[in-house]
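Peer 1: Just so it is clear, I am handing over target02.cif, which has mmCIF, C-alpha atoms.
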data_model
loop_
_atom_site.label_atom_id
_atom_site.label_comp_id
_atom_site.auth_asym_id
_atom_site.auth_seq_id
_atom_site.Cartn_x
_atom_site.Cartn_y
_atom_site.Cartn_z
CA MET A 1 22.08 12.60 0.31
CA THR A 2 19.88 15.22 1.89
CA TYR A 3 16.29 15.46 0.72
CA TYR A 4 13.56 17.87 1.69
CA VAL A 5 11.44 16.44 4.52
CA PRO A 6 8.22 18.12 5.72
CA ARG A 7 8.24 18.85 9.44
CA GLY A 8 4.71 20.18 9.88
CA GLY A 9 4.24 23.10 12.20
CA LEU A 10 1.93 26.02 11.48
CA PRO A 11 2.71 29.45 10.00
CA GLY A 12 2.39 32.44 12.28
CA GLN A 13 -0.64 34.72 12.11
CA GLU A 14 1.57 37.43 10.61
CA GLU A 15 2.27 35.32 7.50
CA LEU A 16 0.50 35.86 4.18
CA THR A 17 -2.10 33.25 3.26
CA THR A 18 -1.23 33.32 -0.44
CA ASP A 19 0.96 30.44 -1.63
CA ARG A 20 1.52 28.55 -4.89
CA ALA A 21 -1.10 25.79 -4.42
CA VAL A 22 -3.10 25.12 -7.60
CA PHE A 23 -5.85 22.63 -8.45
CA THR A 24 -6.96 22.51 -12.08
CA ASP A 25 -8.67 20.03 -14.39
CA ALA A 26 -5.27 19.04 -15.79
CA TYR A 27 -2.86 19.14 -12.86
CA VAL A 28 -2.40 19.81 -9.15
CA LEU A 29 0.51 21.60 -7.48
CA ILE A 30 0.86 21.02 -3.72
CA PRO A 31 3.74 23.23 -2.56
CA ARG A 32 5.76 22.25 0.45
CA GLY A 33 4.37 25.12 2.51
CA THR A 34 0.96 23.43 2.62
CA MET A 35 2.25 20.31 4.40
CA ARG A 36 1.38 21.34 7.94
CA ASP A 37 0.28 19.52 11.10
CA ILE A 38 -3.42 20.18 10.58
CA VAL A 39 -3.57 18.47 7.18
CA THR A 40 -2.04 15.14 8.21
CA SER A 41 -3.98 11.88 8.32
CA GLN A 42 -3.82 8.90 10.67
CA LEU A 43 -3.52 5.45 9.09
CA PRO A 44 -5.29 2.33 10.44
CA HIS A 45 -3.04 0.01 12.45
CA TRP A 46 -0.09 2.43 12.37
CA ALA A 47 1.23 3.61 15.74
CA LEU A 48 2.95 6.96 16.34
CA THR A 49 2.59 7.73 12.65
CA ARG A 50 1.09 10.48 10.52
CA ALA A 51 0.83 10.94 6.77
CA TRP A 52 0.44 13.73 4.26
CA VAL A 53 -1.84 12.35 1.55
CA LEU A 54 -0.65 13.93 -1.68
CA ALA A 55 -2.71 11.96 -4.21
CA ARG A 56 -5.66 9.57 -4.27
CA PRO A 57 -7.98 8.45 -7.07
CA LEU A 58 -10.55 11.14 -7.86
CA SER A 59 -13.49 10.69 -10.21
CA GLY A 60 -12.99 12.86 -13.29
CA PHE A 61 -9.33 13.54 -12.56
CA ALA A 62 -6.56 11.00 -11.96
CA GLU A 63 -7.34 7.35 -11.44
CA THR A 64 -4.49 4.96 -10.82
CA PHE A 65 -2.58 5.60 -7.60
CA SER A 66 -2.24 7.13 -4.16
CA GLN A 67 0.86 8.75 -2.71
CA TYR A 68 1.69 9.58 0.91
CA VAL A 69 4.58 11.13 2.77
CA VAL A 70 4.66 9.08 5.98
CA GLU A 71 6.39 10.20 9.18
CA VAL A 72 7.00 7.51 11.82
CA SER A 73 8.04 8.66 15.29
CA PRO A 74 10.49 6.67 17.44
CA GLY A 75 8.88 3.40 18.50
CA GLY A 76 6.18 3.68 15.84
CA GLY A 77 5.25 1.65 12.81
CA SER A 78 2.90 -1.12 11.83
CA ASP A 79 2.67 -4.89 11.66
CA ARG A 80 -0.49 -4.55 9.56
CA PRO A 81 0.37 -1.73 7.17
CA ASP A 82 -2.17 -2.23 4.37
CA ASP A 83 -5.37 -4.29 4.39
CA ASP A 84 -5.80 -3.98 0.61
CA ALA A 85 -4.47 -7.30 -0.70
CA GLY A 86 -4.56 -6.00 -4.26
CA ALA A 87 -2.32 -3.01 -3.58
CA GLN A 88 1.31 -3.07 -4.65
CA ALA A 89 3.62 -0.42 -3.25
CA VAL A 90 6.89 1.43 -3.53
CA LEU A 91 8.58 2.87 -0.43
CA PHE A 92 11.33 5.48 -0.79
CA VAL A 93 13.08 6.72 2.37
CA VAL A 94 13.97 10.41 2.69
CA ASP A 95 14.79 10.59 6.42
CA GLY A 96 15.81 8.29 9.25
CA THR A 97 16.51 4.57 9.50
CA PRO A 98 13.32 2.47 9.61
CA THR A 99 13.38 -1.31 9.36
CA LEU A 100 11.28 -3.07 6.74
CA THR A 101 10.38 -6.69 7.46
CA LEU A 102 9.48 -8.43 4.22
CA GLU A 103 8.38 -12.07 4.13
CA GLY A 104 10.09 -12.58 7.51
CA THR A 105 13.41 -10.96 6.59
CA ASP A 106 14.54 -7.64 8.12
CA HIS A 107 15.86 -4.93 5.82
CA PRO A 108 17.43 -1.91 7.56
CA LEU A 109 16.63 1.14 5.45
CA ARG A 110 18.26 4.57 5.17
CA VAL A 111 17.91 7.73 3.14
CA GLY A 112 17.75 6.67 -0.51
CA SER A 113 16.48 3.14 0.18
CA TYR A 114 13.86 1.87 -2.28
CA ALA A 115 11.51 -1.08 -1.85
CA TYR A 116 9.02 -2.56 -4.30
CA LEU A 117 6.33 -4.60 -2.52
CA PRO A 118 4.14 -6.73 -4.80
CA ALA A 119 0.44 -7.14 -4.13
CA GLY A 120 -0.13 -9.67 -1.37
CA ALA A 121 3.39 -9.36 0.08
CA ARG A 122 3.73 -9.84 3.84
CA TRP A 123 5.52 -6.80 5.21
CA SER A 124 5.75 -4.53 8.22
CA LEU A 125 7.75 -1.44 9.10
CA ARG A 126 9.07 -0.19 12.43
CA ASN A 127 11.14 2.78 13.56
CA GLU A 128 13.29 1.63 16.45
CA SER A 129 15.67 4.59 16.27
CA ALA A 130 15.66 7.72 18.45
CA SER A 131 14.62 10.07 15.61
CA THR A 132 11.75 10.23 13.14
CA ALA A 133 11.76 8.25 9.90
CA THR A 134 10.02 9.58 6.78
CA PHE A 135 9.28 7.81 3.52
CA HIS A 136 7.17 8.12 0.39
CA TRP A 137 4.55 5.41 0.01
CA ILE A 138 3.10 4.98 -3.47
CA ARG A 139 0.25 2.49 -3.89
CA LYS A 140 -1.45 1.12 -6.99
CA THR A 141 -3.86 -1.75 -7.51
CA TYR A 142 -1.96 -4.37 -9.48
CA VAL A 143 -3.51 -5.31 -12.83
CA PRO A 144 -2.72 -9.00 -13.51
CA VAL A 145 -2.52 -10.36 -17.04
CA GLU A 146 -3.18 -14.00 -17.86
CA GLY A 147 0.03 -15.74 -18.86
CA ILE A 148 2.34 -13.13 -17.30
CA GLU A 149 3.89 -13.75 -13.89
CA THR A 150 3.66 -11.17 -11.14
CA PRO A 151 6.91 -9.35 -10.26
CA GLU A 152 8.95 -10.24 -7.21
CA ALA A 153 9.79 -7.96 -4.29
CA LEU A 154 12.83 -5.72 -4.50
CA VAL A 155 14.81 -3.87 -1.82
CA THR A 156 17.69 -1.73 -3.07
CA HIS A 157 19.26 1.70 -2.74
CA GLU A 158 19.55 4.53 -5.23
CA GLU A 159 23.35 4.33 -5.00
CA ASP A 160 23.11 0.86 -6.55
CA VAL A 161 21.09 2.04 -9.57
CA ALA A 162 23.14 3.86 -12.17
CA PRO A 163 21.54 6.89 -13.85
CA GLN A 164 20.85 6.32 -17.55
CA ALA A 165 21.35 9.40 -19.71
CA MET A 166 18.49 10.28 -22.01
CA PRO A 167 19.36 10.14 -25.73
CA GLY A 168 21.57 12.95 -26.94
CA THR A 169 22.23 14.65 -23.61
CA ALA A 170 24.28 14.35 -20.43
CA ALA A 171 22.07 16.88 -18.63
CA TRP A 172 19.02 14.62 -18.19
CA ALA A 173 19.19 11.14 -16.69
CA THR A 174 16.83 8.60 -15.10
CA GLN A 175 17.45 6.00 -12.41
CA ARG A 176 15.15 3.09 -13.30
CA PHE A 177 14.68 0.67 -10.43
CA VAL A 178 13.01 -1.97 -12.61
CA ASP A 179 13.58 -2.87 -16.26
CA PRO A 180 11.22 -0.71 -18.36
CA LEU A 181 10.78 -3.64 -20.77
CA ASP A 182 9.57 -5.97 -18.00
CA VAL A 183 5.81 -6.09 -18.68
CA ARG A 184 5.15 -7.80 -15.36
CA HIS A 185 5.28 -4.31 -13.87
CA ASP A 186 2.32 -1.99 -14.40
CA MET A 187 3.88 0.99 -12.66
CA HIS A 188 7.30 2.59 -12.56
CA VAL A 189 8.71 4.78 -9.80
CA ASN A 190 11.98 6.35 -10.93
CA ILE A 191 14.29 9.21 -9.97
CA VAL A 192 14.84 11.82 -12.68
CA THR A 193 17.83 14.17 -12.48
CA PHE A 194 18.55 17.33 -14.45
CA GLN A 195 21.84 19.15 -14.24
CA PRO A 196 21.58 22.96 -14.03
CA GLY A 197 20.19 24.26 -17.30
CA GLY A 198 18.99 20.82 -18.43
CA SER A 199 15.51 20.51 -19.82
CA ILE A 200 12.76 18.37 -21.24
CA PRO A 201 12.96 19.91 -24.71
CA PHE A 202 9.38 19.27 -25.85
CA PRO A 203 5.96 19.19 -24.15
CA GLU A 204 5.46 15.51 -23.28
CA THR A 205 1.81 14.64 -23.84
CA HIS A 206 1.03 11.00 -23.08
CA VAL A 207 -1.38 8.50 -21.59
CA MET A 208 0.54 7.94 -18.33
CA GLU A 209 -0.48 9.97 -15.31
CA HIS A 210 2.22 11.19 -12.94
CA GLY A 211 2.96 11.84 -9.33
CA LEU A 212 6.09 13.97 -9.17
CA TYR A 213 7.77 14.93 -5.87
CA VAL A 214 10.79 17.26 -6.01
CA LEU A 215 13.56 15.71 -3.90
CA GLU A 216 16.10 18.49 -4.32
CA GLY A 217 16.83 21.63 -6.27
CA LYS A 218 14.50 23.95 -8.15
CA GLY A 219 13.18 24.36 -11.65
CA VAL A 220 10.46 25.76 -13.85
CA TYR A 221 7.82 23.21 -14.88
CA LEU A 222 5.33 23.38 -17.74
CA LEU A 223 1.98 22.05 -16.50
CA ASN A 224 -0.61 22.12 -19.28
CA THR A 225 -0.27 25.78 -20.40
CA ASP A 226 1.31 27.18 -17.21
CA TRP A 227 5.03 27.62 -16.43
CA ILE A 228 5.40 27.29 -12.65
CA GLU A 229 8.44 27.57 -10.39
CA VAL A 230 8.90 24.51 -8.19
CA GLN A 231 11.39 23.57 -5.50
CA ALA A 232 12.38 20.71 -3.21
CA GLY A 233 9.36 19.49 -1.26
CA ASP A 234 6.77 20.42 -3.90
CA PHE A 235 4.43 17.78 -5.35
CA MET A 236 2.85 17.77 -8.80
CA TRP A 237 0.01 15.50 -9.87
CA LEU A 238 -0.60 15.28 -13.63
CA ARG A 239 -3.56 13.56 -15.20
CA ALA A 240 -3.19 11.64 -18.47
CA PHE A 241 -2.32 13.75 -21.53
CA CYS A 242 -1.39 16.86 -19.52
CA PRO A 243 1.44 18.55 -21.50
CA GLN A 244 4.62 18.80 -19.45
CA ALA A 245 8.22 19.98 -19.77
CA CYS A 246 10.80 21.63 -17.51
CA TYR A 247 14.01 23.61 -17.13
CA ALA A 248 16.39 22.96 -14.24
CA GLY A 249 17.15 26.17 -12.39
CA GLY A 250 20.43 25.41 -10.62
CA PRO A 251 22.72 26.03 -8.88
CA GLY A 252 22.64 22.29 -8.11
CA PRO A 253 20.84 19.31 -9.66
CA PHE A 254 17.05 19.27 -9.97
CA ARG A 255 15.79 15.81 -8.94
CA TYR A 256 12.37 14.30 -8.49
CA LEU A 257 10.66 11.02 -7.66
CA LEU A 258 8.34 10.12 -10.55
CA TYR A 259 5.39 7.71 -10.64
CA LYS A 260 3.70 6.58 -13.84
CA ASP A 261 1.34 3.77 -14.85
CA VAL A 262 2.66 1.58 -17.69
CA ASN A 263 2.42 -1.64 -19.71
CA ARG A 264 -1.32 -2.29 -19.74
CA HIS A 265 -4.17 -1.94 -22.21
CA ALA A 266 -6.46 1.02 -21.70
CA ARG A 267 -9.60 -0.10 -19.90
CA LEU A 268 -12.68 0.35 -22.07
#
I need this file expressed as C-alpha coordinates, please.
Peer 2:
Amino acid sequence: MTYYVPRGGLPGQEELTTDRAVFTDAYVLIPRGTMRDIVTSQLPHWALTRAWVLARPLSGFAETFSQYVVEVSPGGGSDRPDDDAGAQAVLFVVDGTPTLTLEGTDHPLRVGSYAYLPAGARWSLRNESASTATFHWIRKTYVPVEGIETPEALVTHEEDVAPQAMPGTAAWATQRFVDPLDVRHDMHVNIVTFQPGGSIPFPETHVMEHGLYVLEGKGVYLLNTDWIEVQAGDFMWLRAFCPQACYAGGPGPFRYLLYKDVNRHARL
(Lines of atoms letter the chains of each structure in order from A and count residues from 1; the text may use other names and numbers.)
(Lines give C-alpha, C1' and ligand atoms only; values in the text may rest on other atoms or scores of the structure.)
Protein backbone atom coordinates (compact mmCIF):
# COMPACT_ATOMS: atom_id res chain seq x y z
CA MET A 1 0.00 0.00 0.00
CA THR A 2 1.25 3.43 -0.94
CA TYR A 3 -0.78 6.42 0.16
CA TYR A 4 -0.27 10.10 -0.50
CA VAL A 5 1.71 11.72 2.31
CA PRO A 6 2.22 15.51 2.56
CA ARG A 7 5.88 16.49 2.76
CA GLY A 8 5.53 20.24 3.25
CA GLY A 9 7.98 22.45 1.45
CA LEU A 10 7.03 25.72 -0.22
CA PRO A 11 6.22 26.45 -3.88
CA GLY A 12 8.67 28.56 -5.82
CA GLN A 13 7.99 32.22 -6.50
CA GLU A 14 7.45 31.37 -10.17
CA GLU A 15 4.40 29.21 -9.35
CA LEU A 16 0.83 30.41 -9.79
CA THR A 17 -1.04 31.23 -6.59
CA THR A 18 -4.35 29.87 -7.88
CA ASP A 19 -5.26 26.39 -6.61
CA ARG A 20 -8.46 24.44 -5.96
CA ALA A 21 -9.02 25.44 -2.30
CA VAL A 22 -12.67 26.27 -1.56
CA PHE A 23 -14.49 27.29 1.62
CA THR A 24 -18.28 27.55 1.39
CA ASP A 25 -21.23 27.42 3.78
CA ALA A 26 -21.80 23.78 2.81
CA TYR A 27 -18.35 22.27 2.34
CA VAL A 28 -14.59 22.85 2.39
CA LEU A 29 -12.02 21.51 -0.07
CA ILE A 30 -8.41 21.58 1.14
CA PRO A 31 -6.28 20.38 -1.79
CA ARG A 32 -2.98 18.69 -1.14
CA GLY A 33 -1.03 21.63 -2.56
CA THR A 34 -2.01 23.76 0.44
CA MET A 35 -0.34 21.46 2.98
CA ARG A 36 2.95 23.32 3.28
CA ASP A 37 5.47 23.93 6.06
CA ILE A 38 4.08 27.34 7.00
CA VAL A 39 0.58 26.05 7.78
CA THR A 40 1.58 23.31 10.23
CA SER A 41 0.79 23.43 13.94
CA GLN A 42 2.73 22.26 16.99
CA LEU A 43 0.89 20.07 19.49
CA PRO A 44 1.36 20.32 23.29
CA HIS A 45 3.60 17.63 24.77
CA TRP A 46 4.57 16.24 21.35
CA ALA A 47 8.29 16.26 20.51
CA LEU A 48 9.71 16.51 16.98
CA THR A 49 6.16 16.54 15.63
CA ARG A 50 4.06 18.79 13.42
CA ALA A 51 0.45 18.57 12.28
CA TRP A 52 -1.73 19.82 9.46
CA VAL A 53 -5.08 20.64 11.06
CA LEU A 54 -7.68 19.81 8.42
CA ALA A 55 -10.87 20.19 10.47
CA ARG A 56 -11.98 21.57 13.83
CA PRO A 57 -15.40 22.53 15.18
CA LEU A 58 -16.51 25.90 13.81
CA SER A 59 -19.58 27.79 14.96
CA GLY A 60 -22.15 27.87 12.16
CA PHE A 61 -20.41 25.18 10.11
CA ALA A 62 -19.42 21.68 11.24
CA GLU A 63 -19.55 20.69 14.87
CA THR A 64 -18.50 17.20 15.83
CA PHE A 65 -14.84 16.43 15.16
CA SER A 66 -11.27 17.47 14.47
CA GLN A 67 -8.88 15.84 12.02
CA TYR A 68 -5.10 16.16 11.76
CA VAL A 69 -2.38 14.75 9.56
CA VAL A 70 0.47 14.25 12.03
CA GLU A 71 4.13 13.86 11.02
CA VAL A 72 6.49 12.51 13.69
CA SER A 73 10.23 12.78 13.02
CA PRO A 74 12.69 10.08 14.15
CA GLY A 75 12.90 10.08 17.94
CA GLY A 76 9.68 12.06 18.29
CA GLY A 77 6.29 11.36 19.77
CA SER A 78 4.41 11.87 22.99
CA ASP A 79 3.75 10.22 26.33
CA ARG A 80 0.96 12.74 26.95
CA PRO A 81 -0.78 12.94 23.58
CA ASP A 82 -4.19 14.39 24.49
CA ASP A 83 -5.24 16.15 27.70
CA ASP A 84 -8.94 16.00 26.77
CA ALA A 85 -10.24 13.04 28.76
CA GLY A 86 -13.53 13.12 26.86
CA ALA A 87 -11.94 12.76 23.44
CA GLN A 88 -12.02 9.43 21.64
CA ALA A 89 -9.77 8.96 18.64
CA VAL A 90 -8.96 6.99 15.53
CA LEU A 91 -5.38 6.78 14.24
CA PHE A 92 -4.70 5.61 10.68
CA VAL A 93 -1.07 5.26 9.55
CA VAL A 94 -0.09 6.33 6.02
CA ASP A 95 3.72 6.36 6.35
CA GLY A 96 6.42 4.87 8.54
CA THR A 97 6.41 2.51 11.52
CA PRO A 98 5.43 4.26 14.77
CA THR A 99 4.76 2.35 17.97
CA LEU A 100 1.50 2.85 19.83
CA THR A 101 1.52 2.00 23.54
CA LEU A 102 -2.02 1.36 24.71
CA GLU A 103 -2.82 0.55 28.33
CA GLY A 104 0.79 -0.57 28.79
CA THR A 105 0.98 -2.81 25.71
CA ASP A 106 3.12 -1.91 22.67
CA HIS A 107 1.59 -2.15 19.22
CA PRO A 108 4.02 -1.73 16.30
CA LEU A 109 2.15 0.06 13.52
CA ARG A 110 2.72 0.26 9.76
CA VAL A 111 1.04 1.73 6.71
CA GLY A 112 -2.62 0.71 6.87
CA SER A 113 -2.71 0.23 10.66
CA TYR A 114 -5.89 1.43 12.36
CA ALA A 115 -6.44 2.11 16.05
CA TYR A 116 -9.62 3.11 17.88
CA LEU A 117 -8.85 4.74 21.24
CA PRO A 118 -11.86 5.20 23.53
CA ALA A 119 -12.23 8.30 25.67
CA GLY A 120 -10.03 8.05 28.75
CA ALA A 121 -7.69 5.43 27.27
CA ARG A 122 -4.05 5.56 28.39
CA TRP A 123 -1.91 5.73 25.27
CA SER A 124 1.29 7.15 23.87
CA LEU A 125 3.03 7.08 20.51
CA ARG A 126 6.71 7.13 19.60
CA ASN A 127 8.69 6.97 16.36
CA GLU A 128 11.88 5.08 17.07
CA SER A 129 12.68 4.43 13.41
CA ALA A 130 15.13 6.33 11.19
CA SER A 131 12.41 7.86 8.97
CA THR A 132 9.32 9.96 9.53
CA ALA A 133 5.98 8.44 10.51
CA THR A 134 2.70 10.03 9.42
CA PHE A 135 -0.83 9.25 10.54
CA HIS A 136 -4.34 10.66 10.48
CA TRP A 137 -5.71 11.54 13.92
CA ILE A 138 -9.47 11.97 14.13
CA ARG A 139 -10.91 13.15 17.46
CA LYS A 140 -14.49 13.40 18.69
CA THR A 141 -15.95 14.00 22.13
CA TYR A 142 -17.65 10.76 23.11
CA VAL A 143 -21.38 11.05 23.86
CA PRO A 144 -22.26 8.48 26.56
CA VAL A 145 -25.75 7.04 26.85
CA GLU A 146 -27.14 5.71 30.12
CA GLY A 147 -27.46 1.94 29.98
CA ILE A 148 -25.06 1.49 27.05
CA GLU A 149 -21.46 0.45 27.69
CA THR A 150 -18.58 2.37 26.17
CA PRO A 151 -16.67 0.61 23.35
CA GLU A 152 -13.33 -1.04 23.92
CA ALA A 153 -10.04 -0.15 22.23
CA LEU A 154 -9.19 -1.72 18.89
CA VAL A 155 -5.88 -2.07 17.02
CA THR A 156 -6.08 -3.72 13.62
CA HIS A 157 -4.95 -3.36 10.02
CA GLU A 158 -6.92 -2.68 6.87
CA GLU A 159 -5.73 -6.00 5.42
CA ASP A 160 -7.69 -7.74 8.18
CA VAL A 161 -10.98 -5.96 7.37
CA ALA A 162 -12.72 -7.30 4.29
CA PRO A 163 -14.39 -4.76 1.98
CA GLN A 164 -18.17 -5.08 1.94
CA ALA A 165 -19.75 -4.40 -1.44
CA MET A 166 -22.59 -1.93 -1.47
CA PRO A 167 -25.95 -3.39 -2.57
CA GLY A 168 -26.21 -4.15 -6.26
CA THR A 169 -22.64 -3.31 -7.28
CA ALA A 170 -19.10 -4.66 -7.19
CA ALA A 171 -17.65 -1.24 -8.01
CA TRP A 172 -18.28 0.37 -4.60
CA ALA A 173 -17.21 -1.19 -1.31
CA THR A 174 -16.61 -0.11 2.29
CA GLN A 175 -14.18 -1.42 4.89
CA ARG A 176 -15.97 -1.00 8.23
CA PHE A 177 -13.63 -1.27 11.19
CA VAL A 178 -16.47 -1.49 13.72
CA ASP A 179 -19.92 -3.04 13.43
CA PRO A 180 -22.29 -0.34 12.11
CA LEU A 181 -25.06 -1.80 14.30
CA ASP A 182 -23.00 -1.39 17.49
CA VAL A 183 -24.65 1.66 19.09
CA ARG A 184 -21.84 1.98 21.63
CA HIS A 185 -19.96 3.81 18.88
CA ASP A 186 -20.98 7.37 18.05
CA MET A 187 -18.54 7.78 15.17
CA HIS A 188 -17.37 5.63 12.29
CA VAL A 189 -14.09 5.95 10.39
CA ASN A 190 -14.14 3.70 7.33
CA ILE A 191 -12.29 3.26 4.05
CA VAL A 192 -14.42 3.58 0.93
CA THR A 193 -13.18 2.17 -2.39
CA PHE A 194 -14.51 2.74 -5.90
CA GLN A 195 -13.23 0.82 -8.88
CA PRO A 196 -12.65 2.92 -12.03
CA GLY A 197 -15.99 4.17 -13.28
CA GLY A 198 -17.79 3.34 -10.03
CA SER A 199 -20.07 5.95 -8.54
CA ILE A 200 -22.40 7.03 -5.79
CA PRO A 201 -25.49 6.99 -8.00
CA PHE A 202 -27.59 9.56 -6.12
CA PRO A 203 -26.86 12.75 -4.17
CA GLU A 204 -26.59 11.56 -0.55
CA THR A 205 -28.19 14.17 1.69
CA HIS A 206 -28.09 13.23 5.36
CA VAL A 207 -27.58 14.36 8.94
CA MET A 208 -24.02 13.00 9.32
CA GLU A 209 -21.16 15.39 8.69
CA HIS A 210 -18.05 14.07 6.98
CA GLY A 211 -14.32 14.37 6.91
CA LEU A 212 -13.09 12.74 3.71
CA TYR A 213 -9.38 12.33 2.88
CA VAL A 214 -8.45 10.84 -0.50
CA LEU A 215 -5.89 8.09 0.10
CA GLU A 216 -5.30 7.17 -3.52
CA GLY A 217 -6.61 7.72 -7.02
CA LYS A 218 -8.74 10.50 -8.43
CA GLY A 219 -12.39 11.22 -9.00
CA VAL A 220 -15.05 13.85 -9.51
CA TYR A 221 -17.02 14.71 -6.37
CA LEU A 222 -20.39 16.43 -6.07
CA LEU A 223 -20.24 18.88 -3.15
CA ASN A 224 -23.56 20.66 -2.71
CA THR A 225 -24.11 21.94 -6.29
CA ASP A 226 -20.48 21.81 -7.48
CA TRP A 227 -18.72 18.96 -9.32
CA ILE A 228 -15.03 19.14 -8.34
CA GLU A 229 -12.04 17.06 -9.41
CA VAL A 230 -10.17 15.58 -6.46
CA GLN A 231 -7.06 13.45 -6.12
CA ALA A 232 -4.94 11.62 -3.56
CA GLY A 233 -4.01 13.97 -0.72
CA ASP A 234 -7.11 16.18 -0.99
CA PHE A 235 -9.42 16.66 2.00
CA MET A 236 -13.14 17.42 1.93
CA TRP A 237 -15.17 18.58 4.90
CA LEU A 238 -18.95 18.34 4.52
CA ARG A 239 -21.44 19.77 6.96
CA ALA A 240 -24.70 17.96 7.72
CA PHE A 241 -27.15 17.70 4.80
CA CYS A 242 -24.61 18.75 2.15
CA PRO A 243 -25.58 16.79 -1.01
CA GLN A 244 -22.75 14.53 -2.17
CA ALA A 245 -21.98 11.96 -4.85
CA CYS A 246 -18.95 10.93 -6.91
CA TYR A 247 -17.52 9.19 -9.96
CA ALA A 248 -14.20 7.34 -9.78
CA GLY A 249 -11.85 8.56 -12.49
CA GLY A 250 -9.39 5.68 -12.88
CA PRO A 251 -7.05 4.32 -14.03
CA GLY A 252 -6.78 2.72 -10.57
CA PRO A 253 -9.08 2.56 -7.54
CA PHE A 254 -10.38 5.74 -5.90
CA ARG A 255 -10.13 5.33 -2.11
CA TYR A 256 -10.77 7.63 0.81
CA LEU A 257 -10.81 7.65 4.60
CA LEU A 258 -14.28 8.71 5.75
CA TYR A 259 -15.42 10.07 9.13
CA LYS A 260 -19.06 10.41 10.13
CA ASP A 261 -20.98 10.91 13.38
CA VAL A 262 -23.61 8.23 14.05
CA ASN A 263 -25.99 6.53 16.50
CA ARG A 264 -27.07 9.43 18.70
CA HIS A 265 -30.14 11.61 19.09
CA ALA A 266 -29.90 15.09 17.65
CA ARG A 267 -29.13 17.56 20.41
CA LEU A 268 -31.96 20.05 20.89
Peer 1: Please provide as a list in words all residues within 6 Å of Leu29 in chain A, with the sequence filter that same-chain residues fewer than 4 positions apart are discarded (counting all atoms listed in the file).
Peer 2: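 Once the adjacent positions are removed, what remains is Ala21, Val22, Phe235 and Met236 of chain A.
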Peer 1: How far is it from CA of Ser78 in chain A to CA of Gln42 in chain A, in Å with one decimal?
Peer 2: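 One can read the CA of Ser78 in chain A to CA of Gln42 in chain A distance as 12.1 Å.
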Peer 1: Give the answer as one residue: which of A:Pro98, A:Gly86, A:Gly197, A:Pro44 has the shortest atom-to-atom distance to Val72 in chain A, using only C-alpha atoms?
Peer 2: A:Pro98
Peer 1: Env of Gly211 in chain A: 8 Å cut, atoms = all atoms listed in the file, seq-sep filter 3 positions within chain, self excluded. Answer as a VMD selection string.
Peer 2: chain A and resid 55 67 235 to 238 257 to 260
Peer 1: Name the residues that the PyMOL selection byres ((chain A and resi 171) around 8) pulls out of this structure, and write them as a PyMOL selection string.
Peer 2: chain A and resi 165+169-170+172-173+193-199
Peer 1: Just say which residues the PyMOL selection byres ((chain A and resi 133) around 10) picks in this file, as a list in words.
Peer 2: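 That expression, the PyMOL selection byres ((chain A and resi 133) around 10), corresponds here to Val5, Thr49, Val70, Glu71, Val72, Ser73, Pro74, Gly76, Gly77, Val93, Val94, Asp95, Gly96, Thr97, Pro98, Thr99, Leu109, Arg110, Val111, Arg126, Asn127, Glu128, Ser129, Ala130, Ser131, Thr132, Thr134 and Phe135 of chain A.
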Peer 1: Using the chain letters and numbers from this file, what does the PyMOL selection byres ((chain A and resi 227) around 12) select? Give the answer as a ChimeraX atom specification.
Peer 2: /A:29,203,219-226,228-230,243-247
Peer 1: Go ahead and save the residues from that selection, with C-alpha atoms, as a PDB file, in the frame of the given file.
Peer 2:
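The resulting file, part.pdb, is reproduced below:
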ATOM      1  CA  LEU A  29       0.510  21.600  -7.480  1.00  0.00           C
ATOM      2  CA  PRO A 203       5.960  19.190 -24.150  1.00  0.00           C
ATOM      3  CA  GLY A 219      13.180  24.360 -11.650  1.00  0.00           C
ATOM      4  CA  VAL A 220      10.460  25.760 -13.850  1.00  0.00           C
ATOM      5  CA  TYR A 221       7.820  23.210 -14.880  1.00  0.00           C
ATOM      6  CA  LEU A 222       5.330  23.380 -17.740  1.00  0.00           C
ATOM      7  CA  LEU A 223       1.980  22.050 -16.500  1.00  0.00           C
ATOM      8  CA  ASN A 224      -0.610  22.120 -19.280  1.00  0.00           C
ATOM      9  CA  THR A 225      -0.270  25.780 -20.400  1.00  0.00           C
ATOM     10  CA  ASP A 226       1.310  27.180 -17.210  1.00  0.00           C
ATOM     11  CA  ILE A 228       5.400  27.290 -12.650  1.00  0.00           C
ATOM     12  CA  GLU A 229       8.440  27.570 -10.390  1.00  0.00           C
ATOM     13  CA  VAL A 230       8.900  24.510  -8.190  1.00  0.00           C
ATOM     14  CA  PRO A 243       1.440  18.550 -21.500  1.00  0.00           C
ATOM     15  CA  GLN A 244       4.620  18.800 -19.450  1.00  0.00           C
ATOM     16  CA  ALA A 245       8.220  19.980 -19.770  1.00  0.00           C
ATOM     17  CA  CYS A 246      10.800  21.630 -17.510  1.00  0.00           C
ATOM     18  CA  TYR A 247      14.010  23.610 -17.130  1.00  0.00           C
TER      19      TYR A 247
END
Peer 1: Between CA of Gly252 in chain A and CA of Gly33 in chain A, what is the distance in Å, rounded to a tenth?
Peer 2: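 According to the coordinates, CA of Gly252 in chain A and CA of Gly33 in chain A are separated by 21.3 Å.
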Peer 1: Figure out the distance between CA of Asp261 in chain A and CA of Tyr213 in chain A, please, to one decimal in Å.
Peer 2: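 The value is 15.7 Å.
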Peer 1: Can you tell me which residues surround Pro163 in chain A at a distance of at most 9 Å, considering all atoms listed in the file, apart from same-chain residues fewer than 3 positions away, and format the answer as a ChimeraX atom specification?
Peer 2: /A:173-176,191-193
Peer 1: Would you kindly return, as a ChimeraX atom specification, each protein, DNA or RNA residue with an atom no farther than 8 Å from any atom of Gly120 in chain A, considering only C-alpha atoms and excluding same-chain residues fewer than 3 positions away?
Peer 2: /A:85-88
Peer 1: Using only C-alpha atoms, which protein or nucleic acid residues come within 12 Å of Thr105 in chain A? Drop anything in the same chain fewer than 4 positions from it, and give the result as a PyMOL selection string.
Peer 2: chain A and resi 99-101+122-125+153+155
Peer 1: Of the candidates A:Leu154, A:Cys242, A:Val178, A:Ala248, which one gets nearest to Ile200 in chain A if we count only C-alpha atoms?
Peer 2: A:Ala248
Peer 1: So, with all atoms listed in the file as the atoms that count, which of A:Leu43, A:Met35, A:Ala51, A:Met187 lies closest to Ala89 in chain A?
Peer 2: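 That would be A:Met187, the residue with the smallest distance to Ala89 in chain A.
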Peer 1: Just checking: using all atoms listed in the file, which residue out of A:His210, A:Arg267, A:Lys218, A:Arg20 ends up closest to Ala62 in chain A?
Peer 2: A:His210
